[in-house]
Amino acid sequence: QVQLVESGGGLVQAGGSLRLSCAASGSIFSINTMGWYRQAPGKQRELVAAITSGGGTNYADSVKGRFTISRDNAKNTVYLQMNSLKSEDTAVYYCNAVVTVWDSANWRPASGAMDAWGQGTLVTVSS
């Protein structure tokens with residue numbers, strides 16, 4: 001019902017920058033929080049940054065001052081600008097959205113919200 005498509009990952013040298021994008025599509029009534037998570041080899045998935053529909057943001061301590069999350073509500077798209085990248089930022093980055101789905105059969109928003117996830121995009125930072 002809801003698809004998230006990420007782009008922008010790749011290989012970059014330490015100190016460099018990358019910008020990730022994630023576009024949501026499907027039977028969407030509204031999107032609440034959107035965010036980016038990452039998972040490094042052998043580690044658990046962790047929250048990198050999140051943004052509410054009103055623009056409130058939250059960042060992991062490890063990326064504060066280096067990463068910036070933003071979103072375009074009209075395009076159902078969230079971005080992650082990553083600057084001053086470090087080798088420890090190497091991971092698969094996943095887009096997440098908390099979505100209220102449109103129930104077309106009953107012509108109303110579905111009750112409750114669902115967690116939608118992208119397929120992941122690999123970011124590799126070489127030192």
# chains A, B, ... in the order shown; residues from 1 in each chain; ligands from 1
$ select_by_dssp --residues "region 24-76 of chain A" --states "strand (DSSP E)" --output "PyMOL selection string"
chain A and resi 24-26+28-39+46-51+57-59+67-72
$ closest_atom_pairs --of "region 77-98 of chain A" --to "region 26-33 of chain A" --cutoff "10 Å" --atoms "only C-alpha atoms" --output "Markdown table"
| residue | atom | partner | partner_atom | distance |
| --- | --- | --- | --- | --- |
| A:Thr77 | CA | A:Ile31 | CA | 10.0 |
| A:Val78 | CA | A:Thr33 | CA | 10.0 |
| A:Asn96 | CA | A:Thr33 | CA | 8.2 |
| A:Ala97 | CA | A:Thr33 | CA | 5.9 |
| A:Val98 | CA | A:Asn32 | CA | 5.3 |
$ closest_residue --among "A:Thr52, A:Gln39, A:Arg108, A:Trp117" --to "Asn73 (chain A)" --atoms "only C-alpha atoms"
A:Thr52
$ residues_around --residues "Asp89 (chain A)" --least-positions-apart "2" --cutoff "9 Å" --atoms "only C-alpha atoms" --output "tab-separated table (two decimals) with C-alpha atoms, in the first residue's frame"
chain	number	residue	atom	x	y	z
A	38	ARG	CA	21.14	3.03	9.84
A	40	ALA	CA	26.32	-1.06	10.38
A	63	VAL	CA	25.54	13.09	13.95
A	85	LEU	CA	31.36	12.13	6.97
A	86	LYS	CA	33.43	9.74	9.05
A	87	SER	CA	34.30	6.09	8.55
A	91	ALA	CA	26.17	1.66	7.12
A	123	VAL	CA	26.76	4.59	2.44
A	124	THR	CA	30.46	3.78	2.52
A	125	VAL	CA	32.94	6.29	3.91
$ residues_around --residues "Gly9 (chain A)" --least-positions-apart "6" --cutoff "9 Å" --atoms "only C-alpha atoms" --output "PyMOL selection string"
chain A and resi 18-21+92-93+121-124
$ closest_residue --among "A:Thr57, A:Asn76, A:Ser104, A:Ser62" --to "Ala24 (chain A)" --atoms "only C-alpha atoms"
A:Asn76
$ select_by_dssp --residues "region 35-117 of chain A" --states "helix (DSSP H, G or I)" --output "PDB file with C-alpha atoms, in the first residue's frame"
ATOM      1  CA  ASP A  61      24.267  12.575  19.303  1.00  0.00           C
ATOM      2  CA  SER A  62      26.816  11.078  16.923  1.00  0.00           C
ATOM      3  CA  VAL A  63      25.535  13.092  13.950  1.00  0.00           C
ATOM      4  CA  ASN A  73       5.425  17.552   2.573  1.00  0.00           C
ATOM      5  CA  ALA A  74       3.981  18.316  -0.848  1.00  0.00           C
ATOM      6  CA  LYS A  75       6.229  15.654  -2.372  1.00  0.00           C
ATOM      7  CA  SER A  87      34.302   6.090   8.549  1.00  0.00           C
ATOM      8  CA  GLU A  88      31.969   5.214  11.422  1.00  0.00           C
ATOM      9  CA  ASP A  89      29.054   6.562   9.385  1.00  0.00           C
TER      10      ASP A  89
END
$ atom_distance --atom1 "CA of Gln13 (chain A)" --atom2 "CA of Thr90 (chain A)"
10.7 Å
$ closest_residue --among "A:Gln1, A:Leu47, A:Gly35, A:Ile69" --to "Ala110 (chain A)" --atoms "only C-alpha atoms"
A:Gln1
$ residues_around --residues "Ser70 (chain A)" --least-positions-apart "2" --cutoff "8 Å" --atoms "only C-alpha atoms" --output "PDB file with N, CA, C and O atoms, in the first residue's frame"
ATOM      1  N   ILE A  51      12.016  13.684  11.682  1.00  0.00           N
ATOM      2  CA  ILE A  51      11.382  14.983  11.533  1.00  0.00           C
ATOM      3  C   ILE A  51       9.877  14.791  11.523  1.00  0.00           C
ATOM      4  O   ILE A  51       9.350  13.891  10.865  1.00  0.00           O
ATOM      5  N   GLY A  55       7.873  19.902  11.276  1.00  0.00           N
ATOM      6  CA  GLY A  55       9.258  20.337  11.130  1.00  0.00           C
ATOM      7  C   GLY A  55      10.131  20.154  12.358  1.00  0.00           C
ATOM      8  O   GLY A  55      11.314  20.513  12.344  1.00  0.00           O
ATOM      9  N   THR A  68      21.768  16.974   8.527  1.00  0.00           N
ATOM     10  CA  THR A  68      20.558  17.781   8.577  1.00  0.00           C
ATOM     11  C   THR A  68      19.425  17.036   7.879  1.00  0.00           C
ATOM     12  O   THR A  68      19.573  16.631   6.726  1.00  0.00           O
ATOM     13  N   ASP A  72       9.864  17.614   2.345  1.00  0.00           N
ATOM     14  CA  ASP A  72       8.960  18.361   1.479  1.00  0.00           C
ATOM     15  C   ASP A  72       7.616  17.656   1.570  1.00  0.00           C
ATOM     16  O   ASP A  72       7.421  16.593   0.970  1.00  0.00           O
ATOM     17  N   VAL A  78      11.566  12.935   2.152  1.00  0.00           N
ATOM     18  CA  VAL A  78      12.456  13.327   3.240  1.00  0.00           C
ATOM     19  C   VAL A  78      13.892  13.245   2.741  1.00  0.00           C
ATOM     20  O   VAL A  78      14.216  12.394   1.903  1.00  0.00           O
ATOM     21  N   TYR A  79      14.723  14.146   3.241  1.00  0.00           N
ATOM     22  CA  TYR A  79      16.115  14.228   2.829  1.00  0.00           C
ATOM     23  C   TYR A  79      17.029  14.122   4.050  1.00  0.00           C
ATOM     24  O   TYR A  79      16.640  14.472   5.164  1.00  0.00           O
ATOM     25  N   LEU A  80      18.243  13.675   3.793  1.00  0.00           N
ATOM     26  CA  LEU A  80      19.267  13.679   4.838  1.00  0.00           C
ATOM     27  C   LEU A  80      20.553  14.192   4.213  1.00  0.00           C
ATOM     28  O   LEU A  80      21.164  13.509   3.393  1.00  0.00           O
TER      29      LEU A  80
END
$ closest_residue --among "A:Ala49, A:Ala14, A:Met82, A:Cys22" --to "Gln119 (chain A)" --atoms "only C-alpha atoms"
A:Cys22
$ decode --residues "region 90-101 of chain A" --atoms "N, CA, C and O atoms" --output "PDB file, in the first residue's frame"
ATOM      1  N   THR A  90      29.672   4.662   8.012  1.00  0.00           N
ATOM      2  CA  THR A  90      29.428   3.602   7.034  1.00  0.00           C
ATOM      3  C   THR A  90      28.350   2.658   7.542  1.00  0.00           C
ATOM      4  O   THR A  90      28.433   2.113   8.645  1.00  0.00           O
ATOM      5  N   ALA A  91      27.300   2.489   6.730  1.00  0.00           N
ATOM      6  CA  ALA A  91      26.167   1.658   7.119  1.00  0.00           C
ATOM      7  C   ALA A  91      25.164   1.613   5.978  1.00  0.00           C
ATOM      8  O   ALA A  91      25.284   2.357   5.001  1.00  0.00           O
ATOM      9  N   VAL A  92      24.177   0.756   6.129  1.00  0.00           N
ATOM     10  CA  VAL A  92      23.002   0.802   5.261  1.00  0.00           C
ATOM     11  C   VAL A  92      22.008   1.751   5.922  1.00  0.00           C
ATOM     12  O   VAL A  92      21.677   1.584   7.103  1.00  0.00           O
ATOM     13  N   TYR A  93      21.557   2.726   5.176  1.00  0.00           N
ATOM     14  CA  TYR A  93      20.634   3.729   5.687  1.00  0.00           C
ATOM     15  C   TYR A  93      19.222   3.400   5.201  1.00  0.00           C
ATOM     16  O   TYR A  93      18.997   3.189   4.006  1.00  0.00           O
ATOM     17  N   TYR A  94      18.297   3.390   6.151  1.00  0.00           N
ATOM     18  CA  TYR A  94      16.907   3.061   5.857  1.00  0.00           C
ATOM     19  C   TYR A  94      16.007   4.253   6.137  1.00  0.00           C
ATOM     20  O   TYR A  94      16.120   4.901   7.185  1.00  0.00           O
ATOM     21  N   CYS A  95      15.102   4.487   5.233  1.00  0.00           N
ATOM     22  CA  CYS A  95      14.087   5.518   5.394  1.00  0.00           C
ATOM     23  C   CYS A  95      12.881   4.907   6.112  1.00  0.00           C
ATOM     24  O   CYS A  95      12.522   3.749   5.870  1.00  0.00           O
ATOM     25  N   ASN A  96      12.270   5.688   6.971  1.00  0.00           N
ATOM     26  CA  ASN A  96      11.085   5.251   7.702  1.00  0.00           C
ATOM     27  C   ASN A  96      10.036   6.344   7.668  1.00  0.00           C
ATOM     28  O   ASN A  96      10.359   7.535   7.719  1.00  0.00           O
ATOM     29  N   ALA A  97       8.780   5.929   7.577  1.00  0.00           N
ATOM     30  CA  ALA A  97       7.681   6.892   7.637  1.00  0.00           C
ATOM     31  C   ALA A  97       6.526   6.288   8.424  1.00  0.00           C
ATOM     32  O   ALA A  97       6.209   5.104   8.240  1.00  0.00           O
ATOM     33  N   VAL A  98       5.928   7.090   9.269  1.00  0.00           N
ATOM     34  CA  VAL A  98       4.734   6.680   9.999  1.00  0.00           C
ATOM     35  C   VAL A  98       3.546   7.227   9.219  1.00  0.00           C
ATOM     36  O   VAL A  98       3.351   8.449   9.159  1.00  0.00           O
ATOM     37  N   VAL A  99       2.783   6.317   8.624  1.00  0.00           N
ATOM     38  CA  VAL A  99       1.805   6.697   7.611  1.00  0.00           C
ATOM     39  C   VAL A  99       0.387   6.314   8.029  1.00  0.00           C
ATOM     40  O   VAL A  99       0.160   5.198   8.512  1.00  0.00           O
ATOM     41  N   THR A 100      -0.532   7.246   7.821  1.00  0.00           N
ATOM     42  CA  THR A 100      -1.955   6.911   7.893  1.00  0.00           C
ATOM     43  C   THR A 100      -2.399   6.608   6.469  1.00  0.00           C
ATOM     44  O   THR A 100      -2.294   7.467   5.581  1.00  0.00           O
ATOM     45  N   VAL A 101      -2.855   5.393   6.263  1.00  0.00           N
ATOM     46  CA  VAL A 101      -3.232   4.932   4.927  1.00  0.00           C
ATOM     47  C   VAL A 101      -4.654   5.377   4.598  1.00  0.00           C
ATOM     48  O   VAL A 101      -5.506   5.479   5.484  1.00  0.00           O
TER      49      VAL A 101
END
